[in-house]
Each structure stands twice: as C-alpha cells, then as structure tokens.
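Chemist: Have a look at the structure that comes next, please.
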Amino acid sequence: MERSLRLVENPVDRLARTLEALLVIAAKPLALEELAAAAADDAERVETALALLAGRYREGRSGIVLERVAGGYAFRAAREAADACARLVERPVQRNLSQAALETLAVVAYLGPVSRPEIARIRGVAADSAVAGLVERGLVAEAGRAGEGGAVRYETTPLFERVFGLADRSELPELEELAGEAGDLRARLEDVAARRGA
Amino acid sequence: MERSLRLVENPVDRLARTLEALLVIAAKPLALEELAAAAADDAERVETALALLAGRYREGRSGIVLERVAGGYAFRAAREAADACARLVERPVQRNLSQAALETLAVVAYLGPVSRPEIARIRGVAADSAVAGLVERGLVAEAGRAGEGGAVRYETTPLFERVFGLADRSELPELEELAGEAGDLRARLEDVAARRGA
Amino acid sequence: MAVAVRELPLDLDAFEGPFDLLLTLVLREELDLADVDVAGVVLAFVERLEERAALDLEACGEFLVLVAALLELKARGLFPGEEVDLEDLDPEEAAGELAERLAAYRRFRAAAGWLEERLETESERFFRTGPAPLAPVPLRPLAAQDPAALAAALRALAAEPPDVSLGHLVLSYPPVSRFLDRFRALVRGRGRFSFDREVTGLTRPEQIVAFLALLELRKRGEVALGQAAPFEPITVWSAASAS
C-alpha cells in the first residue's frame with residue numbers, strides 16, 4: 001500500500017519523511033510551529049502528515065511511537081519494549097572510575113571546594129567533561145562561587161563518602177609526605193603541573 | 001503487506017519492534033552485543049531483524065535511516081531531509097574545523113592513544129589548543145596517561161566516527177596510500193628546480 | 001593568508017631565489033652550505049612573518065623543521081674535526097632523515113585533507129548526540145571504591161614529571177642581535193669562552209638563536225671556533241687575537 005503511494009510521489013508522504021527525520025534527531029519534543037518552520041511547510045499540512053505518522057508509529061504496530069506531549073511531538077519507545085529499554089539504560093554496576101574521573105575526584109576530595117580552572121591547572125588538561133561526568137554521577141556537586149562573580153566551585157557529596165566508605169572527608173588517606181615537605185599541597189601540585197608543561 | 005505479517009505475529013517482527021525502540025532512545029550507536037543483551041535475544045536473530053529494519057529504514061523509503069556506524073547501529077536522518085534538519089539544529093561539531101584541528105585529528109585517529117607532545121613532534125607545532133578544541137567538540141577524549149605522572153593521551157571518540165560516517169576506524173584510508181605523491185620530497189624538490197631551469 | 005615557506009624569497013650573498021630552490025641545491029650538493037647565511041634565511045622569514053597580522057603557527061613549524069635540518073647539516077660541515085665517522089656525517093643521510101620527517105608530516109596532512117573532504121561529502125548526516133527526549137534517565141551505579149585510589153591519584157599528580165623537553169615547541173625567540181652583542185663582549189673581555197657553558201640553561205630556541213649568532217660572527221670573521229671532536233664543547237675566541 002505504501003509502496004504504491006510512493007510510485008506517484010505523494011507530497012504529504014515526502015513531508016512525512018522530513019518530519020520523521022526531524023523527530024529522530026530532536027533532543028526535545030518539537031512544537032507544531034517548530035516542525036513547520038524546519039520543514040518549510042505550512043502548519044496545516046504538517047498536522048496532516050503528523051496524523052499519517054501517528055497511524056504508522058503507534059503501539060502494537062511499531063517499536064517507535066509518536067507521542068504528543070506538552071511541549072509538542074516526540075518519538076518514544078513502545079511500551080512492549082519497556083523491559084528491553086530498561087536493560088539498555090540500567091547499565092551494570094561499574095567497577096572502576098576512568099583515570100580522568102579518578103584524578104579529578106581526588107583533586108576535589110583533597111582540595112575542595114575547588115573550581116574547574118583550578119582542577120585544570122593541577123591536572124594539566126581541561127576539566128569540564130570530567131567534572132560534568134562526576135556531577136552527573138552525583139559524586140561531586142556545586143558548592144557556591146569563589147567570591148562574587150567568581151568561578152563555580154565543587155566539592156564531594158555524601159554519595160561520594162558512601163561509595164568510598166568514608167564517614168567524612170577527614171577519613172581520606174593522609175598525604176603527609178606531600179603536604180609536609182612543600183607545606184601546601186595545592187601549591188605543590190600546581191608547581192609540579194607547571195613544570196610538567198602540560 | 002506489512003499488516004498481514006502482523007496478523008500472525010512473526011517473532012522476528014516483534015524482535016524488530018524491540019530493536020526499533022532501543023535504537024530510537026539510544027544516545028549513541030549500539031553494538032550488536034548491546035542490542036542482543038537488551039533485547040534478551042541471540043545475536044544471530046538480532047542480525048536478521050536488523051537486516052529487515054535496514055530494508056525499511058533506508059534512504060528514499062523513510063526519513064529515518066538505519067546505519068552501521070562507530071562499531072554499532074544507529075538511526076540518523078535521511079539525507080533528503082538535510083536542509084530541514086539544518087534549520088532545526090546547529091552542527092557545532094563539524095563547523096569551522098581549522099587546518100590545525102584536522103591535522104591533529106588525523107594524528108589522533110591514526111596513532112591514538114597519543115599524547116600532546118607526541119602530536120607536536122609530528123606536526124612540529126604545539127598541539128595544546130587544537131587538542132583542547134577537539135575535546136570540547138567531543139571528537140577526541142582522554143585515554144589515560146602514558147605511565148604514572150606521564151602526559152595525558154588522547155583517542156578519537158565514537159562521535160568522531162559518527163560525524164565522519166565511519167563504520168569503524170578501519171575504514172580510514174591507509175596512510176601509505178594517502179602519502180602517494182608526497183612520498184619523495186627530494187624528487188619533488190629537484191623537479192621544482194628543474195622546472196625553474198636552475 | 002599563510003606564509004608560503006617554500007616560496008620564501010631569499011636574497012643572500014651566496015644565493016638568490018626561493019627557499020625550496022636553496023634546499024634543492026643544498027641537497028644536490030651544488031651549493032656549499034658553509035657559504036649560506038642561515039641567519040639571513042631566518043631574518044627573511046621573520047620579516048615575512050612581521051608583515052602578517054596573525055602568527056602563522058603552521059608556517060613557523062615547517063620553517064623551524066627546515067632550518068633546524070639546515071643548521072644541523074651546516075654544523076657538521078663547519079666542524080669536521082679530525083677523523084669522524086663518515087656514516088654519522090653523511091649529508092645524504094641527514095638529508096634523507098629530513099625528507100623522511102617531512103614525508104611523515106605530509107602523510108598526516110594528506111590524512112587531514114581526506115578528513116576534510118569526508119566532512120564535505122558527509123555534510124548531510126544529521127543525528128541526535130544526546131539522550132532521546134522521552135527516554136528513561138540512565139543510571140550509572142558505581143561499585144564500592146577504595147579511598148587509597150584517590151591518594152594514589154593525587155600522589156601521581158604531585159610526582160616529579162619525567163624529563164620531557166618541550167623546548168622545541170616554544171616559538172618565541174630572542175633577537176640574534178642580543179647574542180651578537182653578548183658574544184662580542186665576552187670575546188673582548190676574556191679573549192675566549194666556551195659556547196656550551198654560555199648556552200647551558202637556555203631554552204632550545206634560545207640556543208638555536210645563540211648558535212645562529214655564533215655562525216654570524218664567524219662568517220664576519222670576528223671570531224674563530226674550535227672543537228675537539230663533533231659534539232664536544234665549542235670554544236670561541238677572537239679572530240683578531242688568533243691572527
């Protein structure tokens with residue numbers, strides 16, 4: 001049936017394909033006007049095409065379901081695939097943190113509250129993605145700014161203490177051999193990083 | 001035609017719907033094993049179902065295209081909808097990649113994991129800002145350090161393969177083939193001299 | 001606009017023409033490198049650079065590689081010493097090494113070109129990079145971790161860095177004149193001095209510029225140079241006092 005429609009290219013069908021493309025790349029639900037603007041077509045025709053798609057992308061017929069939500073239209077997974085989607089999303093317990101995550105976490109744990117520029121200076125590489133990852137995991141959280149208009153600073157969270165089995169930060173293993181010799185741990189780290197030239 | 005298949009529920013068709021659901025919610029390409037694990041089915045059957053979906057989600061037939069990319073499977077928008085997609089989203093990843101960024105990306109793609117000093121040695125120019133820019137774009141990511149206290153090393157990301165439309169890194173052309181005419185500098189220089197009639 | 005290093009026009013005592021022709025003649029041994037004023041080449045390039053608003057790092061990189069190779073060839077020619085291992089000094093080999101390095105770089109340039117073309121042909125690819133709008137929120141549970149790993153990570157960050165010289169990456173270098181003045185003063189004051197001692201502790205680019213100054217002084221006949229063997233310390237003394 002669909003095949004015969006396409007032999008004589010139906011303009012609504014072509015619009016429907018454009019809408020499929022827009023919906024599959026969208027990071028948020030798309031309002032009718034957004035879809036019309038992107039498709040460079042008028043809203044009425046877009047609604048007609050959406051109705052066609054709603055018939056095609058529905059529970060029982062497809063694993064992709066076109067959903068109308070508050071913000072507009074979006075694709076979602078069919079309910080019959082809920083278990084599979086849960087298995088995909090709920091990843092197995094991760095054994096170890098990446099090197100970048102561990103280093104960043106160590107800096108925040110020992111020196112926090114500390115800003116991203118400070119972390120970057122000590123590690124010698126931009127800290128943005130590593131910090132974002134730790135925030136997403138809930139191991140690190142924002143802790144105000146360094147003064148008015150200063151950089152956002154970060155510190156470890158109660159979840160961090162649970163994961164590392166610490167009652168509080170004072171239970172972190174001592175680094176007296178580092179702190180003792182240079183006086184200030186942070187100064188020493190920054191000094192070494194500067195000489196690493198990284 | 002499709003409707004009749006569904007009257008007698010075909011198990012492959014049901015698996016195909018599950019895969020559709022997984023692919024439409026995935027944030028990145030999914031490897032065959034990931035799909036099989038999430039669908040709780042065996043890899044061979046998943047491959048069969050993927051072949052079925054590849055026939056359905058292809059250029060010209062659908063606005064959603066199933067492709068093999070970055071070591072897995074992913075949906076993307078059909079090429080015919082590129083203009084509409086460009087009106088909807090920006091493409092910061094691809095925009096304005098400088099010559100320095102492209103050269104650095106090439107070194108990381110072929111030699112990664114590789115450190116900034118190593119990249120600099122090949123390019124003869126400091127690689128710091130080029131690497132930072134590529135990390136920010138998500139095309140390159142940290143991959144541990146070269147030994148304790150050593151320089152951070154970098155490798156390309158799955159996003160890199162996706163942006164460049166590579167099923168995996170082995171699809172990069174052989175360096176030696178690329179060299180081609182560039183091989184013998186002396187011959188080239190002497191050629192230049194001969195043409196100048198020196 | 002990039003500075004085309006290979007087409008850099010040169011007007012030297014021994015040679016007039018583009019830089020790549022100079023290289024060709026040197027590689028073919030039709031031009032004695034000892035007669036080539038390398039400082040003049042550097043000056044021509046620096047002047048060319050100054051005409052541009054922005055620093056062209058790419059051109060600087062290519063230029064530094066070429067000039068470093070020229071200098072190495074020239075240095076070997078200038079200090080033949082007594083009996084030297086010919087294999088080590090074969091300019092053919094040195095030139096081969098230079099060509100090899102450039103070829104490696106050119107391969108990656110070609111790869112970059114391939115990537116650029118690929119971006120063009122794949123410019124119609126659109127896909128979502130983040131989570132789907134209505135997808136379940138992913139959970140990332142983490143196993144119990146050992147706090148000792150944190151201490152180890154911080155200790156590693158505080159560890160003395162391995163000795164990696166990044167000196168060649170620094171593109172700012174002092175004027176040749178500074179070393180000309182300094183070396184003239186040293187020769188006037190002490191009569192002779194050890195070049196190696198003078199440049200110890202300087203950055204690589206500073207050492208290169210200092211060496212250029214030394215070659216310049218010798219070319220002008222102001223100083224004489226001596227060296228017990230290749231790669232041994234270089235002694236500099238006043239050419240006037242020697243004669």
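By convention here, the chains of the structure tokens are called A, B, ... in the order presented, each chain's residues are numbered starting at 1, and ligands are numbered starting at 1 in the order presented.
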Identify every residue of chain A that has at least one atom within 8 Å of any atom of chain B, counting only C-alpha atoms, and report the result as a PyMOL selection string.
Modeler: chain A and resi 1+16-22+24-25+34+37-40+62-64+75-78+80-81+84-88+98-100+125-126+198
Chemist: Could you save the residues just selected, with N, CA, C and O atoms, as a short mmCIF file (atom, residue, chain, number, x, y, z; two decimals), in the first residue's frame?
Modeler:
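Final file, out-v8.cif:
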data_model
loop_
_atom_site.label_atom_id
_atom_site.label_comp_id
_atom_site.auth_asym_id
_atom_site.auth_seq_id
_atom_site.Cartn_x
_atom_site.Cartn_y
_atom_site.Cartn_z
N MET A 1 0.85 -1.19 0.00
CA MET A 1 0.00 0.00 0.00
C MET A 1 0.88 1.25 0.00
O MET A 1 0.79 2.09 -0.88
N ALA A 16 6.05 13.83 5.32
CA ALA A 16 6.08 12.90 6.46
C ALA A 16 7.50 12.38 6.69
O ALA A 16 7.94 12.27 7.83
N ARG A 17 8.20 12.10 5.61
CA ARG A 17 9.58 11.62 5.76
C ARG A 17 10.46 12.70 6.39
O ARG A 17 11.31 12.42 7.23
N THR A 18 10.24 13.95 5.95
CA THR A 18 11.01 15.05 6.55
C THR A 18 10.73 15.13 8.05
O THR A 18 11.64 15.31 8.85
N LEU A 19 9.45 14.98 8.42
CA LEU A 19 9.10 15.05 9.85
C LEU A 19 9.73 13.89 10.62
O LEU A 19 10.21 14.07 11.74
N GLU A 20 9.73 12.70 10.01
CA GLU A 20 10.39 11.56 10.66
C GLU A 20 11.85 11.91 10.97
O GLU A 20 12.35 11.65 12.07
N ALA A 21 12.50 12.51 9.97
CA ALA A 21 13.91 12.87 10.13
C ALA A 21 14.09 13.87 11.27
O ALA A 21 14.97 13.74 12.12
N LEU A 22 13.23 14.88 11.29
CA LEU A 22 13.34 15.91 12.33
C LEU A 22 13.12 15.30 13.71
O LEU A 22 13.84 15.60 14.67
N VAL A 24 13.55 12.23 14.69
CA VAL A 24 14.54 11.25 15.13
C VAL A 24 15.84 11.93 15.57
O VAL A 24 16.64 11.34 16.30
N ILE A 25 16.07 13.17 15.15
CA ILE A 25 17.29 13.85 15.60
C ILE A 25 17.04 14.84 16.74
O ILE A 25 17.97 15.38 17.31
N GLU A 34 7.56 24.65 15.25
CA GLU A 34 8.98 24.32 15.01
C GLU A 34 9.11 23.35 13.85
O GLU A 34 9.99 23.51 12.98
N ALA A 37 8.36 25.19 10.62
CA ALA A 37 9.45 26.10 10.24
C ALA A 37 10.63 25.31 9.66
O ALA A 37 11.18 25.67 8.62
N ALA A 38 10.99 24.21 10.34
CA ALA A 38 12.13 23.42 9.87
C ALA A 38 11.81 22.76 8.53
O ALA A 38 12.65 22.72 7.63
N ALA A 39 10.59 22.26 8.38
CA ALA A 39 10.20 21.58 7.14
C ALA A 39 9.90 22.59 6.04
O ALA A 39 9.70 22.19 4.88
N ALA A 40 9.83 23.87 6.39
CA ALA A 40 9.50 24.92 5.43
C ALA A 40 8.18 24.60 4.73
O ALA A 40 8.07 24.63 3.50
N SER A 62 4.49 -0.54 15.79
CA SER A 62 5.90 -0.18 15.64
C SER A 62 6.55 -0.10 17.01
O SER A 62 5.87 0.10 18.03
N GLY A 63 7.86 -0.28 17.03
CA GLY A 63 8.60 -0.11 18.28
C GLY A 63 8.82 1.36 18.59
O GLY A 63 9.18 1.74 19.70
N ILE A 64 8.61 2.19 17.58
CA ILE A 64 8.71 3.65 17.74
C ILE A 64 7.30 4.20 17.81
O ILE A 64 6.47 3.87 16.97
N PHE A 75 9.28 11.20 19.40
CA PHE A 75 9.27 9.74 19.33
C PHE A 75 9.62 9.19 20.70
O PHE A 75 10.46 9.74 21.40
N ARG A 76 8.98 8.06 21.06
CA ARG A 76 9.40 7.35 22.27
C ARG A 76 9.40 5.87 21.96
O ARG A 76 8.95 5.44 20.88
N ALA A 77 9.90 5.08 22.91
CA ALA A 77 9.91 3.64 22.73
C ALA A 77 8.52 3.09 23.03
O ALA A 77 7.81 3.59 23.91
N ALA A 78 8.12 2.04 22.30
CA ALA A 78 6.83 1.39 22.56
C ALA A 78 6.85 0.74 23.93
O ALA A 78 7.91 0.32 24.41
N GLU A 80 5.66 -2.07 24.86
CA GLU A 80 6.00 -3.51 24.87
C GLU A 80 7.52 -3.72 24.97
O GLU A 80 7.97 -4.80 25.32
N ALA A 81 8.32 -2.67 24.65
CA ALA A 81 9.78 -2.80 24.70
C ALA A 81 10.35 -2.20 25.98
O ALA A 81 11.57 -2.03 26.09
N ALA A 84 13.19 -4.17 27.65
CA ALA A 84 14.44 -4.11 26.88
C ALA A 84 15.10 -2.75 27.07
O ALA A 84 16.31 -2.64 27.27
N CYS A 85 14.29 -1.67 27.04
CA CYS A 85 14.84 -0.32 27.21
C CYS A 85 15.44 -0.17 28.61
O CYS A 85 16.50 0.44 28.76
N ALA A 86 14.78 -0.74 29.61
CA ALA A 86 15.31 -0.66 30.97
C ALA A 86 16.66 -1.37 31.05
O ALA A 86 17.59 -0.87 31.68
N ARG A 87 16.76 -2.53 30.37
CA ARG A 87 18.05 -3.25 30.38
C ARG A 87 19.14 -2.44 29.68
O ARG A 87 20.30 -2.48 30.06
N LEU A 88 18.73 -1.68 28.66
CA LEU A 88 19.72 -0.88 27.93
C LEU A 88 20.24 0.27 28.78
O LEU A 88 21.43 0.57 28.81
N SER A 98 37.20 6.03 35.47
CA SER A 98 38.27 6.27 34.50
C SER A 98 39.39 7.05 35.18
O SER A 98 39.19 7.67 36.24
N GLN A 99 40.56 7.03 34.56
CA GLN A 99 41.70 7.77 35.11
C GLN A 99 41.35 9.25 35.27
O GLN A 99 41.63 9.86 36.31
N ALA A 100 40.73 9.82 34.25
CA ALA A 100 40.39 11.25 34.29
C ALA A 100 39.43 11.52 35.45
O ALA A 100 39.59 12.48 36.20
N VAL A 125 44.99 19.49 32.06
CA VAL A 125 44.05 19.35 30.94
C VAL A 125 42.70 19.95 31.36
O VAL A 125 42.40 20.04 32.54
N ALA A 126 41.91 20.34 30.38
CA ALA A 126 40.60 20.92 30.67
C ALA A 126 39.79 19.94 31.51
O ALA A 126 39.83 18.74 31.28
N ALA A 198 52.31 20.79 30.98
CA ALA A 198 51.12 20.28 30.29
C ALA A 198 50.00 21.29 30.33
O ALA A 198 50.05 22.22 31.09
#
Chemist: Can you check which residues of range 94-197 of chain A DSSP gives as strand (DSSP E) on the backbone and send them as an MDAnalysis selection string?
Modeler: chainID A and resid 114:115 140:145 152:156
Chemist: Using only C-alpha atoms, can you tell me which of B:Phe164, B:Arg137, B:Tyr73, B:Ala54 comes closest to chain C?
Modeler: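 When distances to chain C are compared using only C-alpha atoms, the smallest one comes from B:Phe164.
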Chemist: Mind doing a quick least-squares superposition of chain B onto chain A, all C-alpha atoms paired one-to-one in order, and writing it out as a CSV table (one decimal) with C-alpha atoms, in the first residue's frame?
Modeler:
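The result, written out as part.csv:
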chain,number,residue,atom,x,y,z
B,1,MET,CA,-4.7,-1.3,16.6
B,2,GLU,CA,-2.4,1.5,15.4
B,3,ARG,CA,-3.8,1.1,12.0
B,4,SER,CA,-7.3,1.8,13.0
B,5,LEU,CA,-6.2,5.1,14.6
B,6,ARG,CA,-4.7,6.2,11.4
B,7,LEU,CA,-7.9,5.6,9.3
B,8,VAL,CA,-9.4,8.6,11.0
B,9,GLU,CA,-6.3,10.8,11.0
B,10,ASN,CA,-5.7,11.8,14.5
B,11,PRO,CA,-4.0,15.2,14.7
B,12,VAL,CA,-1.8,14.1,17.6
B,13,ASP,CA,-0.7,11.1,15.6
B,14,ARG,CA,0.3,13.3,12.7
B,15,LEU,CA,2.3,15.6,15.1
B,16,ALA,CA,3.9,12.5,16.6
B,17,ARG,CA,5.1,11.5,13.1
B,18,THR,CA,6.5,15.0,12.6
B,19,LEU,CA,8.4,14.6,15.9
B,20,GLU,CA,9.7,11.2,14.9
B,21,ALA,CA,11.1,12.8,11.7
B,22,LEU,CA,12.7,15.6,13.7
B,23,LEU,CA,14.2,13.3,16.2
B,24,VAL,CA,15.6,10.8,13.7
B,25,ILE,CA,17.6,13.5,11.8
B,26,ALA,CA,18.7,15.5,14.9
B,27,ALA,CA,22.4,15.6,15.6
B,28,LYS,CA,21.7,16.4,19.3
B,29,PRO,CA,18.9,16.3,21.9
B,30,LEU,CA,16.1,18.7,21.0
B,31,ALA,CA,14.5,20.9,23.6
B,32,LEU,CA,10.7,21.0,23.9
B,33,GLU,CA,10.7,24.5,22.5
B,34,GLU,CA,12.9,23.6,19.5
B,35,LEU,CA,10.6,20.7,18.7
B,36,ALA,CA,7.5,22.9,19.0
B,37,ALA,CA,9.1,25.6,16.8
B,38,ALA,CA,10.1,23.2,14.1
B,39,ALA,CA,6.8,21.4,14.2
B,40,ALA,CA,5.0,24.7,14.2
B,41,ASP,CA,2.7,23.5,17.0
B,42,ASP,CA,2.3,24.4,20.6
B,43,ALA,CA,4.5,23.0,23.4
B,44,GLU,CA,1.6,21.4,25.3
B,45,ARG,CA,0.5,19.4,22.3
B,46,VAL,CA,4.1,18.5,21.6
B,47,GLU,CA,4.4,17.1,25.1
B,48,THR,CA,1.3,15.0,24.6
B,49,ALA,CA,2.7,13.6,21.4
B,50,LEU,CA,6.1,13.0,23.0
B,51,ALA,CA,4.4,11.0,25.8
B,52,LEU,CA,2.7,8.9,23.1
B,53,LEU,CA,6.1,8.3,21.4
B,54,ALA,CA,7.8,7.5,24.7
B,55,GLY,CA,5.3,4.6,25.1
B,56,ARG,CA,6.1,3.4,21.6
B,57,TYR,CA,9.9,3.9,21.7
B,58,ARG,CA,10.9,2.2,24.9
B,59,GLU,CA,13.1,-0.6,26.1
B,60,GLY,CA,11.7,-4.0,25.2
B,61,ARG,CA,9.2,-2.7,22.7
B,62,SER,CA,11.5,-1.1,20.2
B,63,GLY,CA,15.2,-1.0,19.2
B,64,ILE,CA,14.8,2.8,19.2
B,65,VAL,CA,14.4,4.4,22.6
B,66,LEU,CA,13.1,8.0,23.2
B,67,GLU,CA,14.7,9.6,26.2
B,68,ARG,CA,14.8,12.8,28.1
B,69,VAL,CA,18.5,13.8,28.2
B,70,ALA,CA,20.7,16.9,28.2
B,71,GLY,CA,17.8,19.2,28.5
B,72,GLY,CA,15.9,17.8,25.6
B,73,TYR,CA,14.6,14.7,23.8
B,74,ALA,CA,16.6,12.3,21.7
B,75,PHE,CA,16.5,8.8,20.3
B,76,ARG,CA,19.1,6.3,21.3
B,77,ALA,CA,19.6,2.6,20.8
B,78,ALA,CA,17.9,0.1,23.1
B,79,ARG,CA,20.1,-1.4,25.8
B,80,GLU,CA,19.4,-4.9,24.5
B,81,ALA,CA,21.2,-4.0,21.3
B,82,ALA,CA,24.3,-2.7,23.0
B,83,ASP,CA,26.5,-5.6,21.9
B,84,ALA,CA,25.5,-5.2,18.3
B,85,CYS,CA,26.0,-1.4,18.5
B,86,ALA,CA,29.5,-1.9,20.0
B,87,ARG,CA,30.4,-4.1,17.0
B,88,LEU,CA,29.3,-1.3,14.7
B,89,VAL,CA,30.8,1.8,16.3
B,90,GLU,CA,33.6,2.7,18.6
B,91,ARG,CA,33.1,4.8,21.7
B,92,PRO,CA,36.1,7.1,21.8
B,93,VAL,CA,34.3,9.5,24.1
B,94,GLN,CA,34.0,7.1,27.0
B,95,ARG,CA,37.1,5.0,26.5
B,96,ASN,CA,40.0,5.3,28.9
B,97,LEU,CA,39.0,8.3,30.9
B,98,SER,CA,41.8,8.6,33.4
B,99,GLN,CA,41.4,9.4,37.1
B,100,ALA,CA,42.8,12.9,36.3
B,101,ALA,CA,40.3,13.3,33.5
B,102,LEU,CA,37.4,12.2,35.7
B,103,GLU,CA,38.4,14.5,38.5
B,104,THR,CA,38.8,17.4,36.1
B,105,LEU,CA,35.4,16.6,34.6
B,106,ALA,CA,33.8,16.5,38.0
B,107,VAL,CA,35.2,20.0,38.8
B,108,VAL,CA,34.0,21.4,35.5
B,109,ALA,CA,30.6,19.8,35.9
B,110,TYR,CA,30.0,21.2,39.3
B,111,LEU,CA,31.8,24.5,39.1
B,112,GLY,CA,31.8,25.4,35.4
B,113,PRO,CA,32.4,27.7,33.8
B,114,VAL,CA,35.8,27.4,35.4
B,115,SER,CA,39.3,28.1,34.2
B,116,ARG,CA,42.3,25.8,34.2
B,117,PRO,CA,44.1,27.7,37.0
B,118,GLU,CA,41.0,27.3,39.1
B,119,ILE,CA,40.8,23.6,38.4
B,120,ALA,CA,44.5,23.3,39.2
B,121,ARG,CA,44.0,25.0,42.5
B,122,ILE,CA,41.3,22.5,43.5
B,123,ARG,CA,43.1,19.4,42.3
B,124,GLY,CA,46.6,20.6,43.3
B,125,VAL,CA,47.9,19.5,39.9
B,126,ALA,CA,48.2,21.3,36.5
B,127,ALA,CA,45.0,20.6,34.6
B,128,ASP,CA,46.2,21.5,31.1
B,129,SER,CA,46.5,18.1,29.5
B,130,ALA,CA,43.4,16.7,31.3
B,131,VAL,CA,41.3,19.7,30.0
B,132,ALA,CA,42.7,19.4,26.5
B,133,GLY,CA,41.8,15.7,26.4
B,134,LEU,CA,38.2,16.4,27.6
B,135,VAL,CA,37.9,19.1,25.0
B,136,GLU,CA,39.1,16.7,22.3
B,137,ARG,CA,36.5,14.2,23.5
B,138,GLY,CA,33.8,16.8,23.3
B,139,LEU,CA,32.8,16.5,27.0
B,140,VAL,CA,34.0,19.9,27.8
B,141,ALA,CA,34.0,23.1,25.8
B,142,GLU,CA,35.3,26.7,26.0
B,143,ALA,CA,32.8,29.1,27.6
B,144,GLY,CA,34.5,32.5,27.1
B,145,ARG,CA,37.2,34.1,29.2
B,146,ALA,CA,37.3,35.3,32.8
B,147,GLY,CA,37.4,39.0,31.9
B,148,GLU,CA,39.5,40.6,29.1
B,149,GLY,CA,42.8,38.9,28.7
B,150,GLY,CA,41.8,36.4,31.4
B,151,ALA,CA,42.1,32.7,31.4
B,152,VAL,CA,39.7,30.7,29.1
B,153,ARG,CA,36.9,29.1,31.1
B,154,TYR,CA,35.3,25.7,30.4
B,155,GLU,CA,32.0,24.1,30.9
B,156,THR,CA,30.5,20.6,30.2
B,157,THR,CA,28.7,20.0,26.9
B,158,PRO,CA,25.4,18.5,26.1
B,159,LEU,CA,27.4,15.5,25.0
B,160,PHE,CA,28.6,15.1,28.6
B,161,GLU,CA,25.1,14.8,29.8
B,162,ARG,CA,24.2,12.4,27.1
B,163,VAL,CA,27.2,10.1,27.7
B,164,PHE,CA,26.4,10.1,31.4
B,165,GLY,CA,22.7,9.7,30.8
B,166,LEU,CA,21.7,12.9,32.7
B,167,ALA,CA,18.4,14.7,31.9
B,168,ASP,CA,20.3,17.8,33.0
B,169,ARG,CA,23.1,18.9,35.3
B,170,SER,CA,20.8,19.0,38.3
B,171,GLU,CA,20.8,15.2,38.2
B,172,LEU,CA,24.3,15.2,39.4
B,173,PRO,CA,24.4,14.2,43.1
B,174,GLU,CA,24.9,16.9,45.7
B,175,LEU,CA,28.6,17.4,46.4
B,176,GLU,CA,28.0,17.5,50.2
B,177,GLU,CA,26.3,14.1,50.0
B,178,LEU,CA,29.2,12.6,48.1
B,179,ALA,CA,31.6,14.0,50.7
B,180,GLY,CA,29.9,12.0,53.4
B,181,GLU,CA,32.6,10.0,55.2
B,182,ALA,CA,35.3,12.1,53.6
B,183,GLY,CA,34.1,15.1,55.6
B,184,ASP,CA,36.4,15.1,58.6
B,185,LEU,CA,40.0,14.4,57.7
B,186,ARG,CA,41.1,14.8,61.3
B,187,ALA,CA,38.7,12.2,62.6
B,188,ARG,CA,39.9,9.8,59.9
B,189,LEU,CA,43.6,10.4,60.6
B,190,GLU,CA,43.1,10.0,64.4
B,191,ASP,CA,41.2,6.8,63.7
B,192,VAL,CA,44.1,5.5,61.7
B,193,ALA,CA,46.5,6.4,64.5
B,194,ALA,CA,44.3,4.7,67.1
B,195,ARG,CA,44.2,1.5,65.0
B,196,ARG,CA,47.9,1.6,64.7
B,197,GLY,CA,48.0,1.7,68.5
B,198,ALA,CA,50.3,4.7,68.5
Chemist: Go ahead and compute the interatomic distance for CA of Ala210 in chain C and CA of Val46 in chain C, in Å to one decimal.
Modeler: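 Calculated distance between CA of Ala210 in chain C and CA of Val46 in chain C is 16.0 Å.
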Chemist: Kindly provide, as a ChimeraX atom specification, the residues of chain C having any atom no farther than 7 Å from an atom of chain A, counting only C-alpha atoms.
Modeler: /C:126-128,130-135,138-148,150-151,153-154,157-158,160-161
Chemist: So which bits of range 38-185 of chain A end up helix (DSSP H, G or I) when you DSSP the backbone, as a ChimeraX atom specification?
Modeler: /A:38-39,43-56,79-89,99-111,116-123,128-137,158-163,169-171,176-182,185
